[in-house]
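Step one of this worksheet: look at the structure below.
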Amino acid sequence: MESTVSVSKGVFVFKNGLQPNKQKGRGRKKKIPTGTGNIYRDEMWFQTYTELWEVLESKIKELNSDMFSSILSNLLNFIDGSYCKPVTEIPAGALLTGINMPDHAVQFETLKSSINEKISPHVAHLSSQDCPSLKNLVENMINQFINEDIDYDLDEENVKSTKVKIKKSQCSFTLLQSWYEDLYNNKVDNVLVVILPDFESFKENVLQDFIQIASYYVNKLPFVLVFGIATSLSALHKALPYHVSSKINIQVFNSQPSITYLNKIIENVLFSNDCPFYLGGKLFALFTDIFLFYDFSVTGFIQNFKFAMLEHFSTGNAKALCITHGFSEVLKNFSKEDFENVRMLHSFRRFVEAESPKNQIELLTDDKYFQKAIKKELNKLIYYMNNLVVLLECLNILTADLPKAPLGKTFREIYCVAVSKKLSETVEFKEAFQLLSFQSKDELLTKIDSVLNLLKNNIEIYTEENIVDDLKTFIEELNNLSNDQVEEVQEDLDCLNIEGTMQRAQLKQKLFQQAKSQNKPMNAYEKFRSKVVEYFEHIFEEYLKVPTDFTFHEIFFYNDISIQNHIIGSHRAAIHTALNDPQSYLDCSCCGISNDAVILSSMPDICIAYKLHLEYGKMINLYDWLQAFLSILDPVHADDDNEKREVDPQLQARFTQSVAEMEFLGFVKSSKRKTDHVSRLTWGG
Amino acid sequence: MKMLEGLIERFPGRETQIEMLHNLLGDDAAADAIFVHGGPSVGKTSIVKAFLEEKKFKHAVANLIECYSTKILLETILNELTSHRIDPTDPQPVAKCDNLMDFLNNLSNFQLKRAVIVLDKAEQLRNMDFNLLPSFLRLRELSGIPSISVILISEIAFQKFNIKGNVVDPVKLPFPQYSKEEIIAILAMDFDGCSKLLQEHYDDALEVDVNFYLNYLNVFLSTFYRACRDLCELRYMARINFVKYCEPIHRKDCSAADSMALWRHIAPTLKSSLEVLYLRFSGQSGALGAQALELPFYAKYLLIAAYLASYNPAKDDKRLFMKHHGKKTKTMKDVKAKSKVSEQLSTQLGPKPFSFDRLLAIFYAILDDKVGFNNNLLVQVSSLVELQLLTSLSDNYNLDGQKYKCTVNFEFIQTISKMVGFNIRKYLSDFSHI
C-alpha cells in the first residue's frame with residue numbers, strides 16, 4: 001500500500017479497483033440511466049421492471065397533479081384576486097398540508113412554477129433552514145425577487161453583461177421598493193408572493209418581524225404570503241401574537257388528509273389493470289402499517305413498493321413474465337436457463353405432481369410443451385387477478401358501512417385478508433354477510449346499484465355467470481316489490497296458551513322453547529334479501545380464491561417478509577447482532593458460536609468486551625472486566641492464582657481501546673460516583 | 001393655525017397632541033428630542049408623519065424593525081434626509097456609514113438646515129448598539145447642527161428603556177387611548193369604505209346614510225368596546241359585521257329605521273365574531289387544535305408519553321407505570337398533596353424537562369402491543385420537535401442525554417388520548433389519586 005503525503009493523522013481511502021460484489025448488490029441498486037454501465041441493462045427482467053415502473057411513476061405523477069389541482073387553482077385565484085381591492089392587511093394563504101413535509105415539496109414547487117406562469121414572475125420560496133435570522137430572511141427573499149428575475153430574460157449571456165447581480169448584503173427593503181417602482185412605474189401591479197413551506201420550523205420572532213415590516217410597505221409593495229402549515233391553524237396563533245396577526249388576513253386552504261391520498265394511490269395505481277405486480281398480504285400489511293403507525297408518508301410507501309418490486313424482479317428472468325399480456329413475445333426470447341428458472345418456482349412442483357407421468361416428463365424436458373403450459377396457466381392467473389380486484393371492490397362496497405365493519409372500511413384492508421387466506425372461510429366474512437342480511441331495502445338497493453355500476457365499468461371480468469345481468473334482474477325485482485309487501489307481516493302467531501297452573505320454572509322453560517322454535521315468517525322482501533345475499537356469497541366463494549392455489553403465482557405475487565429488515569432500519573438490533581455474533585457480519589470460519597453466551601478468543605476485542613459487559617449490572621468494575629477479558633484472550637496465565645500478576649501491556653492496551661470504543665458507541669459511560677467503575681447504559685438485547 | 005385645523009379634523013381626538021407637536025417643532029421652536037409613546041394604533045406614527053409632511057420639514061422615518069443593523073439604520077436615515085433614491089441596478093447609499101461617527105461626519109457634510117429624524121418602534125433600540133439611544137437623544141449637540149430634531153415613537157414608556165448612565169431626558173408626548181366617542185368618530189370616517197363593501201355584496205340595492213352607520217357603530221361598540229380597544233381590529237371587525245348587519249334590510253325583513261329588529265338580528269353574530277377577535281380568518285376556517293391534527297398512531301402515543309413525562313414527577317413513574325410496584329406507605333406529604341389547590345397542580349405549573357430515555361420508557365409502558373425499537377420510531381421524535389409539539393432543550397450536537405419538553409396543553413392531549421382510546425387522567429399524578 002502506498003504511503004500518504006499527509007502529515008496529519010487520519011483515515012485514507014485507497015481505491016484498489018475493488019468492484020462491488022455482483023450477487024450482493026443485486027436489487028438494491030436504484031435504476032441507473034442506460035448507458036452508464038448498468039450491468040442489468042440487458043437482462044429481461046430488468047427491462048420488464050423498468051417498463052412497469054415507468055408506467056406506475058407516470059400514473060402516480062398524474063394522480064398527484066390531479067389531487068393538488070383543485071387546491072392549487074383555489075390558491076391561485078386567491079393570490080390573483082388579493083390586490084383587486086385596496087387592502088389594509090397583508091393577504092396570507094394558510095395551506096394545511098398534513099405532517100409529512102417531504103411529501104409536499106413537490107406541491108410547493110408546482111405552486112411556485114404555476115404562480116410564475118400565470119400570475120406574477122415574482123415568487124420567493126423560503127425554507128426555514130435558510131432563514132435563521134431576519135437578516136437572512138430579508139436578504140434571501142429580496143435576492144430571489146431581484147436576481148432571479150433576471151433569468152427570465154431570454155439570453156443569459158446578455159443578462160450578465162447588462163445587469164449586475166446585486167450582492168446579498170445590499171438587499172434591503174428600500175432597494176426592493178425602488179426596484180419595484182422602477183419596474184412598474186410607481187404602480188401596484190404584479191404581486192410579490194412569498195412562500196414559506198415549513199411554517200412551524202421558522203423562528204417566531206423572525207416571522208413576526210418580517211410580517212411587521214411587510215405590513216409597513218403594504219400600500220407600496222403588494223406582498224402575498226403563503227404558509228405551509230403541517231399541524232393545525234393553532235400553530236399560526238401560537239407563533240404570531242395579536243399585534244402581528246392583526247396585520248395579516250388569513251385565508252385557509254385544506255388539503256386532503258394523507259390517508260385519502262394513499263387510498264387513492266393504492267386503488268387507482270397499484271391495483272389498476274396495468275400493474276401485474278401484487279404484494280402479498282403480509283408485505284402489504286407491513287407497508288400500510290409503516291404508513292399508518294409511523295410516518296404518514298405516501299412517498300415512503302411508494303418507495304417501499306418500488307423496493308419490493310426490485311427485489312421481486314431481480315430473482316431471475318422468470319419474473320420477466322410479470323406482464324399483463326404478450327406472454328408469447330417474452331417466451332419466444334427465453335433461453336434454456338430461463339425456462340429452468342421458471343421450473344424452479346415452488347408452485348410448479350405441485351403442478352407437475354398433479355399431471356400424468358407422460359405429461360410430467362414433457363413438462364420437465366420439452367420447452368415447447370412447457371411454454372404452452374405456462375401460457376395457459378398465466379392466462380388463468382391474469383383472469384383471476386382481474387376478477388380479484390374487481391370483486392374485492394364489490395365486496396368493499398357491500399360491507400364498508402356495516403356496523404363495526406368486520407371486513408374493514410377500505411379496499412386495502414379487504415385485500416390484505418383476501419390474499420393471505422380464503423376470504424369466504426374467515427369468521428369476519430361470515431359475520432359481514434350475517435349483518436348484510438339485516439339491511440333495509442333502500443340500503444340494499446343502492447348497494448346493488450353501485451356494484452352494478454362498478455361491474456359495468458370493468459368489462460374485463462371473466463365469470464361463468466353473467467353477474468351484470470343477474471344484478472339487473474335483482475334490481476328490477478326489488479323495485480317491483482311494492483312497499484305494502486314489505487310491510488306486510490303475517491299475523492298468525494299462535495297465541496301462547498297457558499294451560500292451567502304450572503311451576504314458575506316450567507313456565508320459563510316453555511316460554512324459552514317457544515321463543516326458540518318460533519321462526520318468524522319472512523315477508524316477501526326478506527325472502528328476496530336472503531336470496532340476494534346468498535347469491536353474493538356464492539359469487540365471492542367461487543372467485544375469491546387464494547393466489548397460492550394457482551400455479552406460477554410467484555411470478556405476480558411477492559410475499560417475502562424478509563425484506564422487512566431492509567425497509568425498517570433497526571440500528572440497535574443490528575449493532576447487538578454484530579457485537580454478539582460477529583460471524584453474521586464477518587462471515588469468518590473462526591467465530592461460529594452455538595449459543596449467545598459463548599465467547600471465543602478469536603472474536604474482535606470489542607465483541608469480547610461487549611459480551612462480557614452484558615453479564616454485569618448497572619456498574620462495572622474496570623478491573624474485574626479486565627480480568628475477565630484477559631481470561632479469554634490469555635487463558636493460560638489466568639489460571640495462575642497469584643492475585644497481582646503482571647498484565648501484558650499489549651493486552652491491556654487492547655482492552656482499553658475496546659472500552660473506549662464501547663463508550664463511543666454509547667454502551668458505557670465513565671462514572672464519577674464510584675472510582676474505577678463505568679456505568680452501563682443499555683439494557684436487554 | 002389653519003394647517004393645524006386640517007390635521008385636527010383628520011385625526012379626531014388628538015387635538016392636544018397635535019398642538020403639542022406644533023409647539024415643540026413649530027416655526028420658532030425646535031425641541032431636541034421628543035419621545036412619543038402610547039398603546040398600539042392610537043395614531044402615533046400617522047400623526048407625526050402627517051404633521052411633518054404638512055410642515056414640509058425635511059424628515060427621515062426609519063422603522064427600527066426593518067433596520068435590523070446599525071449600518072442599515074444610519075444609511076436609511078441619510079438616504080431619506082438627502083432624498084437619495086437607491087438605484088436598483090447599482091444599489092449604493094448616499095454615503096457609507098458603518099458606525100455612528102461616520103454618520104455624524106456625513107450629517108455635517110450635507111449642510112442640512114431643518115431636519116427631523118423619526119425612529120419608529122424605538123423600543124428596538126434596547127437590543128441594538130448601546131450608543132445609539134444616548135447619541136440620538138443628543139444628536140443636535142453631537143452633530144453640531146442647530147436645527148435637527150429627533151422623534152422617538154414607542155409603545156412602551158421611556159422609563160422601561162433602562163438606560164445606564166447619564167442621558168438627556170427627551171420631551172415626552174403621551175398618546176392616551178381613545179375614548180368611546182372618539183372611536184366612533186374615527187370609525188365613522190370609514191363610512192365610505194363600508195358602503196362600498198355593501199355595494200359589492202348587495203349590488204347597489206341598498207342605500208344607507210351616515211346616521212344609519214353611526215347607529216350601527218353604537219351597537220357594534222356596545223359589544224366590542226369592552227373586549228378590544230385596538231382601532232385596526234375594531235375597524236376590521238366593524239367592516240365584516242356591517243355587511244351582516246344590513247342583511248335583513250336587503251332581504252326586506254325589516255326597514256333601516258327599525259333599529260330594535262336589526263339589533264336582534266345582529267346580536268348573536270356579534271357575539272360569535274367576538275370569539276374570533278384577532279384571529280383574522282376569512283373564508284372557510286378549518287377545525288382548530290388537536291381535532292385537526294393528523295398524526296401517525298405511534299406519534300400520538302409518543303406525544304402522550306412526552307406529556308406524561310413532562311407533567312409527572314419522575315419519582316411517580318414507578319407507581320404509575322409498573323404493575324407490581326409494591327405498596328406505597330402514606331406519608332403526611334401525600335395527605336397534603338391530596339388537598340392541593342389547583343395552582344399547585346403540576347398540570348397547571350407548566351412542563352418540566354425530561355430525558356429521551358424516560359420518554360421511551362413511558363412510551364413502552366403505556367403501549368399495549370409490542371413495538372419494535374427501530375429508526376422509524378426515533379424519527380418520529382424529531383418530527384414532533386419539528387412540528388413544535390415538543391421542544392428540544394439541548395443543543396443539536398449533544399447526542400448524549402437529549403432533553404425535551406412537551407408544549408401541548410391538557411385539553412389538546414386529552415383530545416389526542418381520546419382518539420387512541422387512552423385514559424390520560426389515570427396516568428397523571430395530579431388526577432390518579434382522585
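Scheme for the C-alpha cells: letters A, B, ... for chains in order shown; per-chain residue numbers from 1; ligand numbers from 1 in order shown.
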Counting only C-alpha atoms, which residues in chain A sit no more than 7 Å from chain B? For each one, give the nearest pair of atoms and the distance in Å, sorted by chain then residue number, as JSON lines.
{"residue": "A:Gly98", "atom": "CA", "partner": "B:Glu294", "partner_atom": "CA", "distance": 6.2}
{"residue": "A:Ile99", "atom": "CA", "partner": "B:Glu294", "partner_atom": "CA", "distance": 6.6}
{"residue": "A:Lys163", "atom": "CA", "partner": "B:Thr89", "partner_atom": "CA", "distance": 6.7}
{"residue": "A:Val164", "atom": "CA", "partner": "B:Thr89", "partner_atom": "CA", "distance": 6.5}
{"residue": "A:Gln170", "atom": "CA", "partner": "B:Pro91", "partner_atom": "CA", "distance": 6.7}
{"residue": "A:Leu175", "atom": "CA", "partner": "B:Ile86", "partner_atom": "CA", "distance": 6.1}
{"residue": "A:Ser178", "atom": "CA", "partner": "B:Ile86", "partner_atom": "CA", "distance": 6.3}
{"residue": "A:Trp179", "atom": "CA", "partner": "B:Pro88", "partner_atom": "CA", "distance": 4.9}
{"residue": "A:Glu200", "atom": "CA", "partner": "B:Leu387", "partner_atom": "CA", "distance": 5.8}
{"residue": "A:Ser201", "atom": "CA", "partner": "B:Glu386", "partner_atom": "CA", "distance": 6.0}
{"residue": "A:Asp209", "atom": "CA", "partner": "B:Ile65", "partner_atom": "CA", "distance": 6.3}
{"residue": "A:Ile213", "atom": "CA", "partner": "B:Glu66", "partner_atom": "CA", "distance": 5.7}
{"residue": "A:Thr231", "atom": "CA", "partner": "B:Leu293", "partner_atom": "CA", "distance": 5.4}
{"residue": "A:Ser232", "atom": "CA", "partner": "B:Leu293", "partner_atom": "CA", "distance": 5.7}
{"residue": "A:Leu233", "atom": "CA", "partner": "B:Leu288", "partner_atom": "CA", "distance": 5.8}
{"residue": "A:Ser234", "atom": "CA", "partner": "B:Gly289", "partner_atom": "CA", "distance": 5.7}
{"residue": "A:Tyr242", "atom": "CA", "partner": "B:Tyr278", "partner_atom": "CA", "distance": 5.9}
{"residue": "A:Ser245", "atom": "CA", "partner": "B:Tyr278", "partner_atom": "CA", "distance": 6.8}
{"residue": "A:Ser246", "atom": "CA", "partner": "B:Tyr278", "partner_atom": "CA", "distance": 5.8}
{"residue": "A:Asn249", "atom": "CA", "partner": "B:Arg280", "partner_atom": "CA", "distance": 5.5}
{"residue": "A:Ile250", "atom": "CA", "partner": "B:Phe281", "partner_atom": "CA", "distance": 4.9}
{"residue": "A:Gln251", "atom": "CA", "partner": "B:Ser282", "partner_atom": "CA", "distance": 5.3}
{"residue": "A:Val252", "atom": "CA", "partner": "B:Ser285", "partner_atom": "CA", "distance": 6.0}
{"residue": "A:Leu292", "atom": "CA", "partner": "B:Pro296", "partner_atom": "CA", "distance": 5.5}
{"residue": "A:Phe293", "atom": "CA", "partner": "B:Phe297", "partner_atom": "CA", "distance": 4.5}
{"residue": "A:Tyr294", "atom": "CA", "partner": "B:Pro296", "partner_atom": "CA", "distance": 5.5}
{"residue": "A:Asp295", "atom": "CA", "partner": "B:Pro296", "partner_atom": "CA", "distance": 6.0}
{"residue": "A:Phe296", "atom": "CA", "partner": "B:Pro296", "partner_atom": "CA", "distance": 6.0}
{"residue": "A:Ile568", "atom": "CA", "partner": "B:Asn374", "partner_atom": "CA", "distance": 6.8}
{"residue": "A:Gly569", "atom": "CA", "partner": "B:Asn375", "partner_atom": "CA", "distance": 5.4}
{"residue": "A:Ser570", "atom": "CA", "partner": "B:Asn374", "partner_atom": "CA", "distance": 4.3}
{"residue": "A:His571", "atom": "CA", "partner": "B:Asn374", "partner_atom": "CA", "distance": 6.8}
Could you write out that same residue set with C-alpha atoms as an mmCIF file, in the first residue's frame?
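Once written, again36.cif looks like this:
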data_model
loop_
_atom_site.group_PDB
_atom_site.id
_atom_site.type_symbol
_atom_site.label_atom_id
_atom_site.label_comp_id
_atom_site.auth_asym_id
_atom_site.auth_seq_id
_atom_site.Cartn_x
_atom_site.Cartn_y
_atom_site.Cartn_z
ATOM 1 C CA GLY A 98 -50.503 17.484 6.864
ATOM 2 C CA ILE A 99 -47.494 16.489 8.834
ATOM 3 C CA LYS A 163 -27.459 43.708 -15.367
ATOM 4 C CA VAL A 164 -25.231 43.470 -12.393
ATOM 5 C CA GLN A 170 -27.064 45.073 -0.363
ATOM 6 C CA LEU A 175 -33.818 48.573 -2.512
ATOM 7 C CA SER A 178 -37.136 51.342 -5.632
ATOM 8 C CA TRP A 179 -36.666 48.258 -7.786
ATOM 9 C CA GLU A 200 -43.569 25.622 12.098
ATOM 10 C CA SER A 201 -39.822 25.473 11.717
ATOM 11 C CA ASP A 209 -40.617 40.987 12.436
ATOM 12 C CA ILE A 213 -42.031 45.119 8.053
ATOM 13 C CA THR A 231 -50.102 20.755 12.174
ATOM 14 C CA SER A 232 -53.160 22.942 12.506
ATOM 15 C CA LEU A 233 -54.209 26.534 12.458
ATOM 16 C CA SER A 234 -53.462 26.915 16.124
ATOM 17 C CA TYR A 242 -52.068 39.677 18.065
ATOM 18 C CA SER A 245 -51.674 38.567 13.383
ATOM 19 C CA SER A 246 -53.809 41.686 13.087
ATOM 20 C CA ASN A 249 -55.639 38.458 6.620
ATOM 21 C CA ILE A 250 -55.619 34.708 6.529
ATOM 22 C CA GLN A 251 -57.448 32.503 4.099
ATOM 23 C CA VAL A 252 -57.382 28.814 4.893
ATOM 24 C CA LEU A 292 -50.334 4.386 9.483
ATOM 25 C CA PHE A 293 -48.254 3.860 12.572
ATOM 26 C CA TYR A 294 -45.026 5.608 11.813
ATOM 27 C CA ASP A 295 -44.821 8.273 9.223
ATOM 28 C CA PHE A 296 -47.926 9.019 7.133
ATOM 29 C CA ILE A 568 -37.343 -0.747 8.664
ATOM 30 C CA GLY A 569 -33.906 0.127 9.892
ATOM 31 C CA SER A 570 -33.253 -1.143 13.363
ATOM 32 C CA HIS A 571 -29.828 0.092 14.308
#
**Prompt:** To one decimal place, how far is CA of Leu279 (chain A) from CA of Pro406 (chain A) in Å?
**Reply:** 22.4 Å
Taking the chain letters and numbering used in this document, name the residues of region 246-378 of chain A that DSSP puts in helix (DSSP H, G or I), as a compact mmCIF listing (two decimals) with C-alpha atoms, in the first residue's frame.
# COMPACT_ATOMS: atom_id res chain seq x y z
CA SER A 258 -52.69 11.75 3.54
CA ILE A 259 -54.74 8.61 4.18
CA THR A 260 -57.13 9.57 1.40
CA TYR A 261 -54.12 10.17 -0.77
CA LEU A 262 -52.72 6.74 0.00
CA ASN A 263 -56.05 5.04 -0.65
CA LYS A 264 -56.23 6.75 -4.00
CA ILE A 265 -52.73 5.68 -4.93
CA ILE A 266 -53.49 2.12 -3.92
CA GLU A 267 -56.81 1.88 -5.69
CA ASN A 268 -56.01 3.80 -8.83
CA VAL A 269 -52.39 2.96 -9.47
CA LEU A 270 -51.16 -0.11 -7.69
CA GLY A 281 -50.83 -9.96 2.33
CA LYS A 282 -48.04 -9.80 4.86
CA LEU A 283 -45.90 -7.33 2.95
CA PHE A 284 -48.84 -5.19 2.05
CA ALA A 285 -49.89 -5.09 5.68
CA LEU A 286 -46.33 -4.20 6.65
CA PHE A 287 -46.20 -1.27 4.28
CA THR A 288 -49.58 0.09 5.28
CA ASP A 289 -48.64 -0.34 8.93
CA ILE A 290 -45.47 1.67 8.42
CA PHE A 291 -47.62 4.32 6.85
CA LEU A 292 -50.33 4.39 9.48
CA PHE A 293 -48.25 3.86 12.57
CA TYR A 294 -45.03 5.61 11.81
CA ASP A 295 -44.82 8.27 9.22
CA VAL A 298 -47.03 8.40 0.82
CA THR A 299 -43.66 8.89 -0.81
CA GLY A 300 -42.24 6.43 1.67
CA PHE A 301 -44.96 3.94 0.81
CA ILE A 302 -44.21 4.23 -2.88
CA GLN A 303 -40.50 3.82 -2.27
CA ASN A 304 -41.17 0.70 -0.23
CA PHE A 305 -43.34 -0.64 -3.00
CA LYS A 306 -40.60 0.08 -5.51
CA PHE A 307 -38.07 -1.71 -3.37
CA ALA A 308 -40.30 -4.76 -3.12
CA MET A 309 -40.71 -4.64 -6.87
CA LEU A 310 -36.97 -4.59 -7.41
CA GLU A 311 -36.46 -7.48 -5.04
CA HIS A 312 -39.19 -9.40 -6.80
CA PHE A 313 -37.91 -8.87 -10.31
CA ASN A 317 -35.89 -13.93 -15.84
CA ALA A 318 -38.96 -15.88 -14.82
CA LYS A 319 -40.19 -12.54 -13.49
CA ALA A 320 -40.00 -11.06 -16.96
CA LEU A 321 -43.37 -12.78 -17.33
CA PHE A 327 -46.56 -13.66 -22.90
CA SER A 328 -45.66 -15.33 -26.18
CA GLU A 329 -43.32 -12.49 -27.10
CA VAL A 330 -41.40 -12.91 -23.90
CA LEU A 331 -41.44 -16.69 -24.00
CA LYS A 332 -40.01 -16.63 -27.51
CA LYS A 336 -32.89 -22.73 -21.67
CA GLU A 337 -31.81 -21.30 -18.34
CA ASP A 338 -34.79 -19.02 -18.24
CA PHE A 339 -37.14 -21.97 -18.58
CA GLU A 340 -35.22 -23.70 -15.84
CA ASN A 341 -35.70 -20.58 -13.76
CA VAL A 342 -39.46 -20.91 -14.23
CA ARG A 343 -39.33 -24.58 -13.35
CA HIS A 346 -42.36 -23.74 -5.92
CA SER A 347 -45.83 -23.86 -7.30
CA PHE A 348 -44.58 -25.60 -10.41
CA ARG A 349 -43.74 -28.68 -8.41
CA ARG A 350 -47.29 -29.08 -7.23
CA PHE A 351 -48.47 -28.56 -10.78
CA VAL A 352 -46.20 -31.26 -12.15
CA GLU A 353 -47.08 -33.75 -9.49
CA ALA A 354 -50.73 -33.44 -10.38
CA PRO A 357 -46.38 -39.27 -15.81
CA LYS A 358 -46.17 -38.72 -19.54
CA ASN A 359 -47.01 -35.08 -19.22
CA GLN A 360 -44.61 -34.77 -16.33
CA ILE A 361 -41.70 -35.78 -18.50
CA GLU A 362 -42.76 -33.45 -21.25
CA LEU A 363 -43.15 -30.57 -18.84
CA LEU A 364 -39.70 -31.13 -17.47
CA THR A 365 -37.88 -31.71 -20.71
CA ASP A 367 -39.51 -26.47 -23.54
CA LYS A 368 -42.10 -26.05 -26.30
CA TYR A 369 -44.69 -28.04 -24.42
CA PHE A 370 -43.76 -26.27 -21.24
CA GLN A 371 -44.19 -22.94 -22.94
CA LYS A 372 -47.77 -23.77 -23.83
CA ALA A 373 -48.47 -24.86 -20.29
CA ILE A 374 -47.02 -21.65 -18.94
CA LYS A 375 -49.19 -19.58 -21.22
CA LYS A 376 -52.30 -21.44 -20.19
CA GLU A 377 -51.59 -21.13 -16.52
CA LEU A 378 -50.61 -17.48 -16.74
**Message:** With only C-alpha atoms as the counted atoms, please give the residues lying no more than 10 Å from region 547-550 of chain A, apart from itself and same-chain residues fewer than 3 positions off, as a ChimeraX atom specification.
**Reply:** /A:280,347-348,350-351,377-378,380-381,384-385,388,418-422,544,553-554,556-557
Shell around region 167-174 of chain B at 8 Å using only C-alpha atoms, local window under 3 positions removed, as a short mmCIF file (atom, residue, chain, number, x, y, z; two decimals) with all heavy atoms, in the first residue's frame:
data_model
loop_
_atom_site.label_atom_id
_atom_site.label_comp_id
_atom_site.auth_asym_id
_atom_site.auth_seq_id
_atom_site.Cartn_x
_atom_site.Cartn_y
_atom_site.Cartn_z
N GLN B 17 -52.39 66.61 21.29
CA GLN B 17 -51.12 66.07 20.82
C GLN B 17 -50.60 66.86 19.62
O GLN B 17 -49.41 67.16 19.54
CB GLN B 17 -51.28 64.59 20.45
CG GLN B 17 -51.25 63.65 21.63
CD GLN B 17 -52.56 63.64 22.39
OE1 GLN B 17 -53.60 64.02 21.84
NE2 GLN B 17 -52.52 63.24 23.64
N MET B 20 -49.35 70.15 20.79
CA MET B 20 -48.06 69.95 21.46
C MET B 20 -46.94 69.84 20.44
O MET B 20 -45.89 70.46 20.57
CB MET B 20 -48.10 68.66 22.29
CG MET B 20 -48.72 68.80 23.66
SD MET B 20 -47.53 69.33 24.86
CE MET B 20 -46.72 67.79 25.26
N ALA B 31 -37.55 71.40 19.48
CA ALA B 31 -37.11 70.61 20.63
C ALA B 31 -36.00 69.66 20.19
O ALA B 31 -35.91 69.26 19.03
CB ALA B 31 -38.29 69.83 21.20
N ASP B 32 -35.18 69.33 21.12
CA ASP B 32 -34.03 68.47 20.85
C ASP B 32 -34.49 67.06 20.50
O ASP B 32 -34.23 66.55 19.41
CB ASP B 32 -33.18 68.46 22.12
CG ASP B 32 -31.75 68.12 21.80
OD1 ASP B 32 -31.47 67.89 20.62
OD2 ASP B 32 -30.93 68.11 22.73
N ALA B 33 -35.17 66.45 21.44
CA ALA B 33 -35.66 65.10 21.21
C ALA B 33 -37.05 64.97 21.81
O ALA B 33 -37.30 65.48 22.90
CB ALA B 33 -34.71 64.10 21.84
N ILE B 34 -37.92 64.32 21.08
CA ILE B 34 -39.29 64.13 21.56
C ILE B 34 -39.56 62.63 21.64
O ILE B 34 -39.20 61.87 20.73
CB ILE B 34 -40.31 64.78 20.59
CG1 ILE B 34 -39.97 66.26 20.42
CG2 ILE B 34 -41.72 64.61 21.11
CD1 ILE B 34 -40.73 66.90 19.29
N PHE B 35 -40.15 62.23 22.73
CA PHE B 35 -40.47 60.81 22.90
C PHE B 35 -41.98 60.65 22.86
O PHE B 35 -42.70 61.07 23.76
CB PHE B 35 -39.90 60.32 24.23
CG PHE B 35 -40.09 58.86 24.44
CD1 PHE B 35 -39.25 57.95 23.82
CD2 PHE B 35 -41.11 58.38 25.25
CE1 PHE B 35 -39.41 56.60 24.00
CE2 PHE B 35 -41.28 57.02 25.43
CZ PHE B 35 -40.43 56.13 24.81
N VAL B 36 -42.46 60.06 21.79
CA VAL B 36 -43.90 59.86 21.61
C VAL B 36 -44.23 58.45 22.05
O VAL B 36 -43.64 57.49 21.55
CB VAL B 36 -44.29 60.06 20.14
CG1 VAL B 36 -45.76 59.75 19.95
CG2 VAL B 36 -43.99 61.47 19.69
N HIS B 37 -45.13 58.32 23.00
CA HIS B 37 -45.47 56.94 23.41
C HIS B 37 -46.96 56.79 23.64
O HIS B 37 -47.67 57.75 23.92
CB HIS B 37 -44.68 56.54 24.65
CG HIS B 37 -45.03 57.34 25.88
ND1 HIS B 37 -45.87 56.86 26.83
CD2 HIS B 37 -44.65 58.56 26.28
CE1 HIS B 37 -46.01 57.76 27.79
NE2 HIS B 37 -45.28 58.82 27.47
N GLY B 38 -47.43 55.55 23.52
CA GLY B 38 -48.85 55.24 23.67
C GLY B 38 -49.11 53.85 23.12
O GLY B 38 -48.25 53.29 22.44
N PRO B 134 -28.48 56.94 23.44
CA PRO B 134 -27.96 58.19 24.01
C PRO B 134 -27.53 59.18 22.93
O PRO B 134 -27.79 60.39 23.05
CB PRO B 134 -26.74 57.74 24.81
CG PRO B 134 -26.90 56.30 25.03
CD PRO B 134 -27.74 55.78 23.93
N LEU B 137 -30.48 60.91 21.32
CA LEU B 137 -31.10 61.87 22.21
C LEU B 137 -30.31 63.19 22.24
O LEU B 137 -30.86 64.24 22.53
CB LEU B 137 -31.21 61.28 23.62
CG LEU B 137 -32.24 60.15 23.77
CD1 LEU B 137 -32.22 59.60 25.18
CD2 LEU B 137 -33.63 60.65 23.44
N ARG B 138 -29.03 63.12 21.96
CA ARG B 138 -28.22 64.35 21.99
C ARG B 138 -27.66 64.63 20.59
O ARG B 138 -26.56 65.14 20.45
CB ARG B 138 -27.07 64.19 22.97
CG ARG B 138 -27.51 63.64 24.31
CD ARG B 138 -26.34 63.34 25.16
NE ARG B 138 -25.65 64.57 25.56
CZ ARG B 138 -24.77 64.60 26.56
NH1 ARG B 138 -24.49 63.51 27.23
NH2 ARG B 138 -24.17 65.75 26.87
N ILE B 163 -31.87 52.67 30.74
CA ILE B 163 -30.57 53.10 30.23
C ILE B 163 -29.65 53.34 31.41
O ILE B 163 -30.05 53.92 32.43
CB ILE B 163 -30.70 54.41 29.42
CG1 ILE B 163 -31.97 54.33 28.59
CG2 ILE B 163 -29.49 54.63 28.56
CD1 ILE B 163 -32.58 55.67 28.37
#
**Message:** Set the distance at 7 Å and use only C-alpha atoms: which residues neighbour Cys97 (chain B) once local chain neighbours fewer than 4 positions away are removed? I'd like the list as a list of chain:residue names.
**Reply:** B:Lys71, B:Leu74, B:Glu75, B:Asp102, B:Phe103
**Message:** Using Å and a single decimal, report how far CA of Gly93 (chain A) sits from CA of Val224 (chain A).
**Reply:**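 CA of Gly93 (chain A) lies at a distance of 7.9 Å from CA of Val224 (chain A).
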**Asked** Could you pull the residues within 8 Å of Ile117 (chain B), counting only C-alpha atoms, minus those fewer than 6 positions along the same chain, as a PyMOL selection string?
**Response** chain B and resi 59-62+77+148-151
**Prompt:** Do you have the CA of Ile323 (chain A)-CA of Thr410 (chain A) distance handy?
**Reply:**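 If I compute the distance from CA of Ile323 (chain A) to CA of Thr410 (chain A), I get 26.5 Å.
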**Message:** Taking 4 positions as the minimum chain separation for residues in the same chain, which residues sit within 12 Å of Phe664 (chain A) when counting only C-alpha atoms? Answer as a ChimeraX atom specification.
**Reply:** /A:606,657-660,668-670,681 /B:399-400
**Request:** Apply DSSP to the structure's backbone, then extract all residues of region 473-622 of chain A labelled strand (DSSP E) and return them as number ranges by chain.
**Result:** A: 557-558, 619-621
Could those residues be written to a file, using C-alpha atoms, as a tab-separated table (two decimals), in the first residue's frame?
chain	number	residue	atom	x	y	z
A	557	PHE	CA	-47.27	-12.06	-6.15
A	558	TYR	CA	-44.36	-11.11	-3.96
A	619	MET	CA	-21.93	-0.55	37.49
A	620	ILE	CA	-18.96	-2.37	36.02
A	621	ASN	CA	-15.68	-2.61	37.85
